[in-house]
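Heads up, data-v6.txt below (compact mmCIF, C-alpha atoms and all ligand atoms):
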# COMPACT_ATOMS: atom_id res chain seq x y z
CA MET J 15 40.69 -47.92 -22.95
CA ILE J 16 39.14 -47.02 -19.64
CA THR J 17 38.31 -43.35 -19.47
CA ALA J 18 37.32 -41.30 -16.47
CA SER J 19 33.69 -41.32 -17.58
CA THR J 20 33.50 -45.13 -17.88
CA ILE J 21 34.93 -45.49 -14.38
CA GLY J 22 32.27 -43.07 -13.25
CA SER J 23 29.49 -45.07 -14.83
CA GLN J 24 30.80 -48.36 -13.40
CA GLU J 25 30.85 -46.80 -9.97
CA LYS J 26 27.34 -45.48 -10.33
CA LEU J 27 26.18 -48.92 -11.39
CA LYS J 28 27.88 -50.47 -8.39
CA LEU J 29 26.31 -47.96 -6.03
CA ALA J 30 22.88 -48.66 -7.49
CA VAL J 31 23.05 -52.45 -7.44
CA ASP J 32 24.61 -52.56 -3.98
CA ARG J 33 21.32 -51.25 -2.64
CA ILE J 34 19.35 -54.19 -4.03
CA THR J 35 18.08 -56.59 -1.40
CA GLY J 36 16.41 -59.96 -1.76
CA LEU J 37 17.64 -60.62 -5.28
CA PRO J 38 16.84 -64.24 -6.18
CA THR J 39 19.37 -66.70 -7.54
CA LEU J 40 18.70 -69.08 -10.39
CA PRO J 41 17.47 -72.51 -9.23
CA GLN J 42 20.35 -74.50 -7.81
CA VAL J 43 20.00 -77.34 -10.29
CA ILE J 44 20.99 -74.93 -13.08
CA THR J 45 24.57 -74.83 -11.78
CA GLU J 46 24.62 -78.61 -11.57
CA ILE J 47 23.18 -79.07 -15.06
CA THR J 48 25.57 -76.54 -16.60
CA ARG J 49 28.46 -78.41 -14.99
CA LEU J 50 27.18 -81.77 -16.24
CA MET J 51 26.63 -80.51 -19.77
CA GLN J 52 30.16 -79.17 -20.03
CA ASN J 53 31.39 -82.74 -19.75
CA PRO J 54 31.02 -84.48 -23.12
CA ARG J 55 30.70 -87.87 -21.38
CA THR J 56 27.61 -86.91 -19.40
CA SER J 57 24.62 -89.09 -20.27
CA ALA J 58 21.03 -88.00 -20.83
CA GLU J 59 20.02 -89.98 -17.73
CA GLU J 60 22.38 -88.00 -15.51
CA VAL J 61 20.92 -84.68 -16.65
CA GLY J 62 17.40 -86.04 -16.24
CA LYS J 63 18.18 -87.18 -12.70
CA ALA J 64 19.65 -83.80 -11.78
CA LEU J 65 16.66 -81.91 -13.12
CA ILE J 66 13.99 -83.94 -11.31
CA MET J 67 15.57 -82.83 -8.03
CA ASP J 68 13.62 -79.64 -8.77
CA GLN J 69 10.12 -80.93 -9.48
CA ALA J 70 8.57 -77.53 -10.19
CA LEU J 71 11.22 -76.71 -12.75
CA ALA J 72 11.08 -80.17 -14.33
CA SER J 73 7.33 -79.91 -14.89
CA LYS J 74 7.75 -76.51 -16.55
CA VAL J 75 10.42 -77.90 -18.83
CA LEU J 76 8.15 -80.78 -19.84
CA LYS J 77 5.28 -78.40 -20.47
CA LEU J 78 7.52 -76.37 -22.79
CA VAL J 79 8.95 -79.31 -24.73
CA ASN J 80 5.40 -80.54 -25.37
CA SER J 81 4.07 -77.14 -26.44
CA ALA J 82 3.21 -76.00 -29.96
CA PHE J 83 5.97 -73.36 -29.62
CA TYR J 84 8.70 -75.97 -29.78
CA GLY J 85 6.53 -78.14 -32.02
CA PHE J 86 8.13 -81.53 -31.49
CA PRO J 87 5.97 -84.41 -32.72
CA GLY J 88 4.76 -86.99 -30.24
CA ARG J 89 4.48 -86.79 -26.51
CA ILE J 90 7.71 -86.40 -24.49
CA ASN J 91 7.27 -87.70 -20.94
CA THR J 92 10.74 -87.48 -19.41
CA ILE J 93 13.72 -85.15 -19.54
CA THR J 94 15.92 -88.05 -20.60
CA HIS J 95 13.62 -88.71 -23.54
CA ALA J 96 13.66 -84.98 -24.39
CA ILE J 97 17.47 -84.96 -24.52
CA VAL J 98 17.59 -88.06 -26.72
CA ILE J 99 15.15 -86.51 -29.20
CA LEU J 100 16.10 -82.83 -29.06
CA GLY J 101 19.75 -82.93 -28.10
CA PHE J 102 21.60 -81.45 -25.14
CA ASN J 103 21.80 -77.91 -26.44
CA THR J 104 18.11 -77.41 -27.14
CA VAL J 105 17.14 -78.92 -23.79
CA LYS J 106 19.69 -76.74 -22.01
CA ASN J 107 18.13 -73.63 -23.57
CA ILE J 108 14.64 -74.78 -22.62
CA ILE J 109 15.75 -75.44 -19.02
CA LEU J 110 17.26 -71.97 -18.84
CA THR J 111 14.07 -70.44 -20.26
CA ALA J 112 11.92 -72.29 -17.71
CA SER J 113 14.18 -71.22 -14.84
CA ILE J 114 13.95 -67.56 -15.88
CA PHE J 115 10.16 -67.73 -15.63
CA GLU J 116 10.45 -69.66 -12.38
CA THR J 117 12.72 -66.99 -10.88
CA LEU J 118 11.37 -63.72 -12.29
CA GLY J 119 7.92 -64.52 -13.70
CA GLY J 120 4.64 -63.77 -12.00
CA LYS J 121 3.04 -60.52 -11.11
CA GLY J 122 4.19 -60.18 -7.51
CA GLY J 123 5.74 -57.04 -6.03
CA GLY J 124 6.67 -53.97 -7.96
CA GLN J 125 5.53 -50.56 -9.14
CA LYS J 126 1.89 -50.36 -10.15
CA GLU J 127 2.76 -47.71 -12.72
CA PHE J 128 4.77 -50.21 -14.71
CA ASP J 129 2.60 -52.67 -16.63
CA ILE J 130 4.31 -55.99 -15.96
CA GLU J 131 1.98 -57.97 -18.21
CA LYS J 132 2.89 -55.71 -21.13
CA PHE J 133 6.54 -56.02 -20.16
CA TRP J 134 6.42 -59.82 -20.47
CA LEU J 135 4.58 -59.50 -23.78
CA HIS J 136 7.39 -57.23 -25.01
CA SER J 137 10.06 -59.67 -23.80
CA ILE J 138 8.41 -62.78 -25.22
CA GLY J 139 7.58 -60.93 -28.45
CA THR J 140 11.21 -59.85 -28.87
CA GLY J 141 12.33 -63.43 -28.22
CA VAL J 142 9.92 -64.82 -30.81
CA LEU J 143 11.00 -62.17 -33.36
CA ALA J 144 14.70 -62.84 -32.73
CA ARG J 145 14.08 -66.54 -33.30
CA GLU J 146 12.20 -65.81 -36.55
CA ILE J 147 14.90 -63.44 -37.82
CA SER J 148 17.65 -65.97 -37.16
CA LYS J 149 15.68 -68.73 -38.88
CA LYS J 150 15.14 -66.56 -41.94
CA LEU J 151 18.87 -65.72 -42.00
CA ASN J 152 19.86 -69.37 -41.51
CA PHE J 153 21.74 -68.34 -38.40
CA LYS J 154 21.86 -71.60 -36.51
CA PHE J 155 21.75 -70.28 -32.96
CA PHE J 156 18.05 -69.53 -33.06
CA GLU J 157 17.23 -70.86 -29.59
CA GLU J 158 20.02 -68.66 -28.19
CA CYS J 159 18.53 -65.72 -30.08
CA PHE J 160 15.16 -66.47 -28.49
CA LEU J 161 16.71 -66.37 -25.02
CA GLY J 162 18.62 -63.19 -25.87
CA GLY J 163 15.37 -61.52 -26.93
CA LEU J 164 13.49 -62.83 -23.92
CA LEU J 165 16.12 -61.47 -21.55
CA HIS J 166 17.28 -58.30 -23.31
CA ASP J 167 15.40 -55.99 -20.93
CA LEU J 168 16.29 -58.03 -17.82
CA GLY J 169 17.44 -54.83 -16.10
CA LYS J 170 13.91 -53.42 -16.24
CA ILE J 171 12.46 -56.28 -14.25
CA ILE J 172 15.20 -55.83 -11.66
CA LEU J 173 14.24 -52.16 -11.39
CA TYR J 174 10.59 -53.14 -11.16
CA LYS J 175 10.95 -55.83 -8.52
CA PHE J 176 13.98 -54.84 -6.48
CA MET J 177 14.68 -51.11 -6.95
CA PRO J 178 11.26 -49.48 -6.36
CA GLU J 179 12.58 -46.02 -5.47
CA GLU J 180 14.79 -45.83 -8.54
CA MET J 181 11.97 -47.18 -10.71
CA ASP J 182 9.66 -44.46 -9.38
CA LYS J 183 12.06 -41.76 -10.51
CA VAL J 184 12.49 -43.28 -13.96
CA LEU J 185 8.75 -43.68 -14.51
CA GLN J 186 8.18 -40.10 -13.51
CA VAL J 187 10.72 -38.74 -15.99
CA GLN J 188 9.42 -41.05 -18.71
CA LYS J 189 5.87 -39.79 -18.14
CA GLU J 190 6.85 -36.14 -18.15
CA GLU J 191 8.99 -36.28 -21.27
CA ASN J 192 7.31 -39.13 -23.15
CA CYS J 193 10.81 -40.29 -24.09
CA LEU J 194 12.47 -43.68 -24.44
CA PHE J 195 12.70 -45.59 -21.15
CA PHE J 196 16.47 -45.71 -21.68
CA LEU J 197 16.73 -41.90 -21.81
CA ALA J 198 14.53 -41.55 -18.73
CA GLU J 199 16.89 -43.89 -16.85
CA LYS J 200 19.88 -41.87 -17.99
CA LYS J 201 18.32 -38.69 -16.76
CA ALA J 202 16.90 -40.01 -13.49
CA LEU J 203 19.66 -42.43 -12.41
CA ASP J 204 22.54 -42.14 -14.85
CA VAL J 205 22.41 -45.94 -14.82
CA THR J 206 20.50 -47.85 -17.50
CA HIS J 207 18.72 -51.22 -17.71
CA ASP J 208 21.26 -52.69 -20.11
CA GLN J 209 23.98 -52.10 -17.49
CA ILE J 210 21.87 -53.49 -14.66
CA GLY J 211 20.85 -56.52 -16.74
CA GLY J 212 24.44 -57.09 -17.86
CA TRP J 213 25.58 -57.00 -14.25
CA LEU J 214 23.00 -59.66 -13.31
CA THR J 215 23.97 -61.97 -16.18
CA SER J 216 27.53 -61.97 -14.79
CA LYS J 217 26.31 -62.55 -11.26
CA TRP J 218 24.17 -65.45 -12.48
CA ASN J 219 26.99 -66.86 -14.63
CA LEU J 220 24.83 -66.88 -17.74
CA PRO J 221 26.55 -67.73 -21.04
CA GLU J 222 28.71 -65.01 -22.63
CA ASP J 223 26.50 -64.62 -25.74
CA LEU J 224 23.51 -63.90 -23.51
CA ARG J 225 25.46 -61.43 -21.42
CA ASN J 226 26.37 -59.56 -24.60
CA ALA J 227 22.79 -59.58 -25.86
CA VAL J 228 21.60 -58.01 -22.60
CA LEU J 229 24.43 -55.52 -22.22
CA TYR J 230 24.64 -54.33 -25.82
CA HIS J 231 21.12 -54.62 -27.22
CA HIS J 232 21.08 -50.84 -27.70
CA MET J 233 24.63 -50.74 -29.11
CA PRO J 234 25.06 -54.07 -30.92
CA MET J 235 28.34 -53.17 -32.59
CA LEU J 236 30.13 -53.12 -29.24
CA SER J 237 29.55 -56.86 -28.79
CA GLY J 238 32.59 -58.07 -30.75
CA LYS J 239 32.31 -61.68 -31.82
CA TYR J 240 28.68 -61.85 -30.68
CA ALA J 241 27.66 -59.00 -33.00
CA MET J 242 25.52 -61.27 -35.19
CA MET J 243 23.32 -62.51 -32.38
CA VAL J 244 23.21 -59.14 -30.64
CA SER J 245 22.25 -57.37 -33.90
CA ILE J 246 19.41 -59.85 -34.29
CA VAL J 247 18.17 -59.07 -30.77
CA HIS J 248 18.57 -55.33 -31.38
CA ILE J 249 16.40 -55.42 -34.50
CA ALA J 250 13.92 -57.86 -32.91
CA ASP J 251 13.38 -55.31 -30.11
CA ILE J 252 12.62 -52.63 -32.71
CA LEU J 253 10.27 -54.84 -34.75
CA CYS J 254 8.49 -55.84 -31.55
CA ARG J 255 7.82 -52.18 -30.80
CA ALA J 256 6.81 -51.59 -34.43
CA LEU J 257 4.23 -54.39 -34.16
CA CYS J 258 3.04 -52.93 -30.84
CA ILE J 259 3.40 -56.20 -28.98
CA GLY J 260 3.31 -55.32 -25.28
CA SER J 261 5.49 -52.50 -23.98
CA GLY J 262 8.84 -52.09 -22.30
CA GLY J 263 7.74 -48.99 -20.42
CA ASP J 264 7.60 -46.41 -23.21
CA SER J 265 5.56 -45.90 -26.35
CA THR J 266 8.15 -44.76 -28.81
CA ILE J 267 10.82 -46.56 -30.77
CA PRO J 268 14.61 -46.24 -30.94
CA VAL J 269 16.27 -45.73 -34.31
CA VAL J 270 17.83 -48.89 -35.72
CA ASP J 271 21.63 -49.18 -35.69
CA GLU J 272 22.71 -48.84 -39.33
CA LYS J 273 25.72 -51.13 -38.94
CA ALA J 274 23.49 -53.85 -37.45
CA TRP J 275 21.05 -53.45 -40.34
CA GLU J 276 23.92 -53.87 -42.82
CA LYS J 277 25.38 -56.81 -40.94
CA LEU J 278 22.10 -58.73 -41.22
CA LYS J 279 21.58 -57.52 -44.82
CA PHE J 280 18.18 -56.38 -43.67
CA SER J 281 15.62 -55.32 -46.26
CA ARG J 282 11.95 -54.73 -46.86
CA GLN J 283 11.64 -58.22 -48.38
CA LEU J 284 13.13 -59.79 -45.27
CA ILE J 285 10.77 -57.87 -42.98
CA ASP J 286 7.81 -59.05 -45.07
CA LYS J 287 8.99 -62.65 -44.73
CA ILE J 288 9.39 -62.33 -40.98
CA TYR J 289 5.99 -60.69 -40.59
CA SER J 290 4.24 -63.34 -42.66
CA ASP J 291 4.89 -66.04 -40.04
CA ILE J 292 4.90 -63.97 -36.90
CA ASP J 293 1.25 -64.07 -35.84
CA LEU J 294 1.19 -67.86 -35.73
CA GLU J 295 4.47 -67.97 -33.78
CA LEU J 296 3.14 -65.45 -31.26
CA GLU J 297 -0.02 -67.47 -30.71
CA LYS J 298 2.08 -70.48 -29.88
CA ALA J 299 4.10 -68.44 -27.41
CA ALA J 300 1.04 -68.14 -25.14
CA VAL J 301 2.47 -71.22 -23.38
CA PHE J 302 5.01 -69.00 -21.59
CA PHE J 303 2.26 -67.27 -19.66
CA GLN J 304 1.11 -70.64 -18.42
CA ILE J 305 4.42 -71.46 -16.77
CA MET J 306 4.79 -68.12 -14.95
CA MET S 11 -9.22 -68.86 -27.10
CA LYS S 12 -5.78 -70.21 -27.58
CA ARG S 13 -3.95 -72.53 -29.90
CA ILE S 14 -2.27 -75.47 -28.23
CA SER S 15 -0.46 -78.58 -29.32
CA VAL S 16 -2.39 -81.86 -29.07
CA ASN S 17 0.14 -82.89 -26.43
CA GLU S 18 -1.00 -80.05 -24.19
CA ILE S 19 -4.69 -81.00 -24.16
CA THR S 20 -6.05 -82.01 -20.80
CA GLU S 21 -9.44 -83.63 -20.25
CA GLY S 22 -12.39 -81.28 -20.15
CA MET S 23 -10.99 -78.58 -22.43
CA VAL S 24 -13.53 -77.24 -24.92
CA LEU S 25 -12.90 -76.57 -28.61
CA ALA S 26 -13.24 -72.89 -29.56
CA LYS S 27 -12.89 -73.69 -33.25
CA PRO S 28 -13.82 -76.88 -35.11
CA VAL S 29 -11.15 -79.42 -36.03
CA VAL S 30 -11.14 -79.66 -39.80
CA GLY S 31 -9.84 -82.65 -41.76
CA SER S 32 -7.56 -82.46 -44.78
CA GLY S 33 -10.58 -82.58 -47.10
CA GLY S 34 -12.19 -79.61 -45.37
CA ASN S 35 -14.69 -81.82 -43.55
CA ILE S 36 -15.44 -81.08 -39.90
CA LEU S 37 -14.07 -83.82 -37.66
CA LEU S 38 -15.08 -82.27 -34.33
CA GLY S 39 -17.39 -79.30 -33.98
CA GLU S 40 -16.90 -76.08 -32.07
CA GLY S 41 -17.91 -76.49 -28.41
CA THR S 42 -16.91 -80.16 -28.23
CA GLU S 43 -15.63 -81.12 -24.80
CA LEU S 44 -12.44 -83.14 -25.14
CA ARG S 45 -12.63 -86.49 -23.36
CA THR S 46 -9.86 -89.10 -23.24
CA THR S 47 -11.21 -91.03 -26.22
CA LEU S 48 -11.39 -87.89 -28.36
CA ILE S 49 -7.88 -86.83 -27.36
CA SER S 50 -6.43 -90.12 -28.49
CA ARG S 51 -8.50 -89.92 -31.66
CA LEU S 52 -7.00 -86.49 -32.40
CA ARG S 53 -3.57 -88.01 -31.97
CA ASN S 54 -4.39 -90.84 -34.36
CA TRP S 55 -5.62 -88.36 -36.94
CA GLY S 56 -2.26 -86.60 -36.68
CA VAL S 57 -3.85 -83.22 -35.91
CA PRO S 58 -0.93 -80.97 -34.81
CA PHE S 59 -2.86 -78.40 -32.77
CA VAL S 60 -6.32 -77.32 -31.76
CA VAL S 61 -7.90 -74.04 -30.68
CA ILE S 62 -9.54 -74.28 -27.30
CA GLN S 63 -11.55 -71.94 -25.10
CA SER S 64 -9.50 -70.23 -22.45
CA GLN S 65 -10.13 -70.10 -18.76
CA GLU S 66 -10.72 -66.84 -16.96
CA GLY S 67 -7.70 -64.64 -16.28
CA GLU S 68 -5.45 -66.40 -18.76
CA ILE S 69 -3.31 -64.49 -21.19
CA THR S 70 -4.43 -65.62 -24.57
CA GLU S 71 -3.91 -64.90 -28.20
CA GLU S 72 -6.46 -62.08 -28.19
CA LYS S 73 -4.24 -60.22 -25.76
CA ILE S 74 -1.09 -60.99 -27.68
CA THR S 75 -2.48 -60.01 -31.04
CA ALA S 76 -4.71 -57.16 -29.84
CA SER S 77 -7.41 -55.87 -32.14
CA LEU S 78 -6.16 -54.55 -35.44
CA ASP S 79 -7.83 -51.16 -35.19
CA THR S 80 -6.03 -50.38 -31.96
CA LYS S 81 -2.78 -51.54 -33.53
CA ARG S 82 -3.16 -49.30 -36.57
CA GLN S 83 -3.50 -46.28 -34.31
CA GLU S 84 -0.65 -47.38 -32.09
CA VAL S 85 1.70 -47.80 -35.06
CA GLU S 86 1.20 -44.16 -36.01
CA ARG S 87 1.96 -43.05 -32.46
CA VAL S 88 5.01 -45.27 -32.05
CA PHE S 89 6.62 -44.11 -35.29
CA GLU S 90 5.73 -40.44 -34.91
CA GLN S 91 9.23 -39.30 -33.93
CA VAL S 92 11.26 -41.58 -36.20
CA LYS S 93 9.53 -42.18 -39.51
CA ASN S 94 11.70 -39.67 -41.36
CA HIS S 95 14.75 -41.82 -40.77
CA PRO S 96 15.33 -43.76 -44.03
CA LEU S 97 15.64 -47.22 -42.43
CA MET S 98 12.82 -46.62 -39.95
CA ALA S 99 10.66 -45.56 -42.88
CA ILE S 100 11.16 -49.01 -44.40
CA ILE S 101 10.07 -50.68 -41.15
CA TYR S 102 7.14 -48.27 -40.86
CA GLU S 103 5.85 -49.03 -44.35
CA ALA S 104 6.24 -52.80 -43.89
CA THR S 105 4.41 -52.69 -40.57
CA LYS S 106 1.55 -50.58 -41.88
CA GLU S 107 1.11 -52.92 -44.82
CA HIS S 108 1.22 -55.95 -42.52
CA PHE S 109 -1.67 -54.65 -40.44
CA GLY S 110 -3.53 -53.64 -43.57
CA LYS S 111 -3.22 -57.12 -45.02
CA ALA S 112 -4.25 -58.92 -41.88
CA SER S 113 -7.77 -57.41 -41.90
FE FE O 1 16.22 -52.12 -23.79
FE FE O 2 13.16 -53.80 -25.26

Now that the file is in, can you turn its structure into structure tokens?
Amino acid sequence: MITASTIGSQEKLKLAVDRITGLPTLPQVITEITRLMQNPRTSAEEVGKALIMDQALASKVLKLVNSAFYGFPGRINTITHAIVILGFNTVKNIILTASIFETLGGKGGGQKEFDIEKFWLHSIGTGVLAREISKKLNFKFFEECFLGGLLHDLGKIILYKFMPEEMDKVLQVQKEENCLFFLAEKKALDVTHDQIGGWLTSKWNLPEDLRNAVLYHHMPMLSGKYAMMVSIVHIADILCRALCIGSGGDSTIPVVDEKAWEKLKFSRQLIDKIYSDIDLELEKAAVFFQIM
Amino acid sequence: MKRISVNEITEGMVLAKPVVGSGGNILLGEGTELRTTLISRLRNWGVPFVVIQSQEGEITEEKITASLDTKRQEVERVFEQVKNHPLMAIIYEATKEHFGKAS
């Protein structure tokens, strides 16, 4: 049901994002590759050919597939070879990951008050944790969970890079009240990063599971059939803050959603298992800073 | 320093930690500069990854896994407002123990 207040918040979001200028698009080859991969008769060669049209992106993808983070044995020299060994789906997720860093990575432009290096550590850390949680739960979409974690705070980087005035206001409130970034946004703008990020995932035509992870990472139970993946991202965000990996612009921690905790059958034992492998996984994730 | 897969090694990188064989013997010492012949030897040995020295300005594992003392203090600060919540208390205890163990 659409209530008066939800219309209000949609309008506020629209007003805010309409002021954005110079927003980048994802590399053009992404559209082409998504189209190709939807067709079951597409060959690995065709995808490889499409990707090398964007040399910068292709070299990032190859760097990732050969990194310790993905841990595939032997050297992979071409995209075609990568698809044959790893399969379409894994390669598609890696291409998407590389294109996110290509489009939004780097330190350029933005508010000095917001520590962008810590922001990327928080995003990568949440991705790595989401991937670990899903592996421990035998939830097979672990590469999707990684992407969901990596992108969950997408709206914050949009604020940082393309909405400097709004970001200023949020940072000021956050500093004064030492509250969650989310609450500072609510107070300063009445528009929050999950809404802004969700809006961008639609604009960029990102997959529906990712859109849900971005839009509902603070309220995972609203994500319907994606609730499993979104709950994983929600808890990964919290564990990432618990482990003090980077920062998403505040230094406190939101309370975990009890329904999400139940859904994942979370427990002390499970946390211990996740933590036991996490340092090694984080070390391997250093590769992402090399492709920014 | 940073841990990289053998596939990521490029010529001229320098080992920050020795490469140790399955019997505990040192195959290549700390400070070894990796030349083409050594890189292919590492591959033949089946070594999965090596720890190399990092170049200036790079984000490395030290930054990702910041020093434990700082982390212990940060954990207290981060949980200050929420550790009375029953589920958050579980996460808090697990995290504290994790940092305790890692020392
Ligand atoms: Fe968030
Ligand atoms: Fe976050």

field: Between CA of Phe303 (chain J) and CA of Leu44 (chain S) - distance in Å to one decimal
entry: 22.3 Å

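The nearest approach to ligand FE 1 (chain O) among the residues J:Leu151, J:Leu220, J:Thr140, J:Met242, with all atoms listed in the file taken into account, belongs to J:Thr140.
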
Using only C-alpha atoms and a distance of at most 6 Å, pull out the residues of chain S that contact chain J, as a PDB file with C-alpha atoms, keeping the file's coordinate frame.
ATOM      1  CA  ILE S  14      -2.270 -75.470 -28.230  1.00  0.00           C
ATOM      2  CA  SER S  15      -0.460 -78.580 -29.320  1.00  0.00           C
ATOM      3  CA  ASN S  17       0.140 -82.890 -26.430  1.00  0.00           C
ATOM      4  CA  GLU S  71      -3.910 -64.900 -28.200  1.00  0.00           C
ATOM      5  CA  VAL S  88       5.010 -45.270 -32.050  1.00  0.00           C
TER       6      VAL S  88
END

message: For a quick check of understanding, using only C-alpha atoms, which of J:Ala72, J:Leu65, J:Leu214, J:Met51 has the smallest distance to Thr39 (chain J)?
response: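 Nearest candidate to Thr39 (chain J) out of J:Ala72, J:Leu65, J:Leu214, J:Met51: J:Leu214.
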
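CA of Ser137 (chain J) sits 18.4 Å away from CA of Val85 (chain S).
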
task: Excluding Glu43 (chain S) and residues on its chain fewer than 5 positions from it, collect all residues at most 10 Å away from it, counting all atoms listed in the file, and give them as a list in words.
output: Glu21, Gly22, Met23, Val24, Leu25, Ala26, Leu38, Leu48, Ile49 and Ile62 of chain S

task: Counting all atoms listed in the file, name the residues that have an atom within 6 Å of an atom of ligand FE 2 (chain O); the answer should be given as a PyMOL selection string.
output: chain J and resi 167+251+262

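For Val16 (chain S), the non-local neighbours within 8 Å, defined as residues at least 6 positions apart in the same chain or in other chains and counting all atoms listed in the file, are Ile49, Leu52, Arg53, Val57, Pro58, Phe59 and Val60 of chain S.
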
task: Give as a list in words the residues surrounding ligand FE 1 (chain O) up to a distance of 9 Å, considering all atoms listed in the file.
output: His166, Asp167, Leu168, Gly169, Lys170, Phe195, Phe196, Thr206, His207, Asp208, Val228, Tyr230, His231, His232, His248, Asp251 and Gly262 of chain J

field: Two-atom distance - CA of Arg225 (chain J), CA of Thr48 (chain J) (Å)
entry: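 Distance between the two atoms: 15.9 Å.
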
field: Who sits within 8 Å of Leu203 (chain J), only C-alpha atoms, same chain under 3 positions skipped, as number ranges by chain
entry: J: 180, 183-184, 199-200, 206
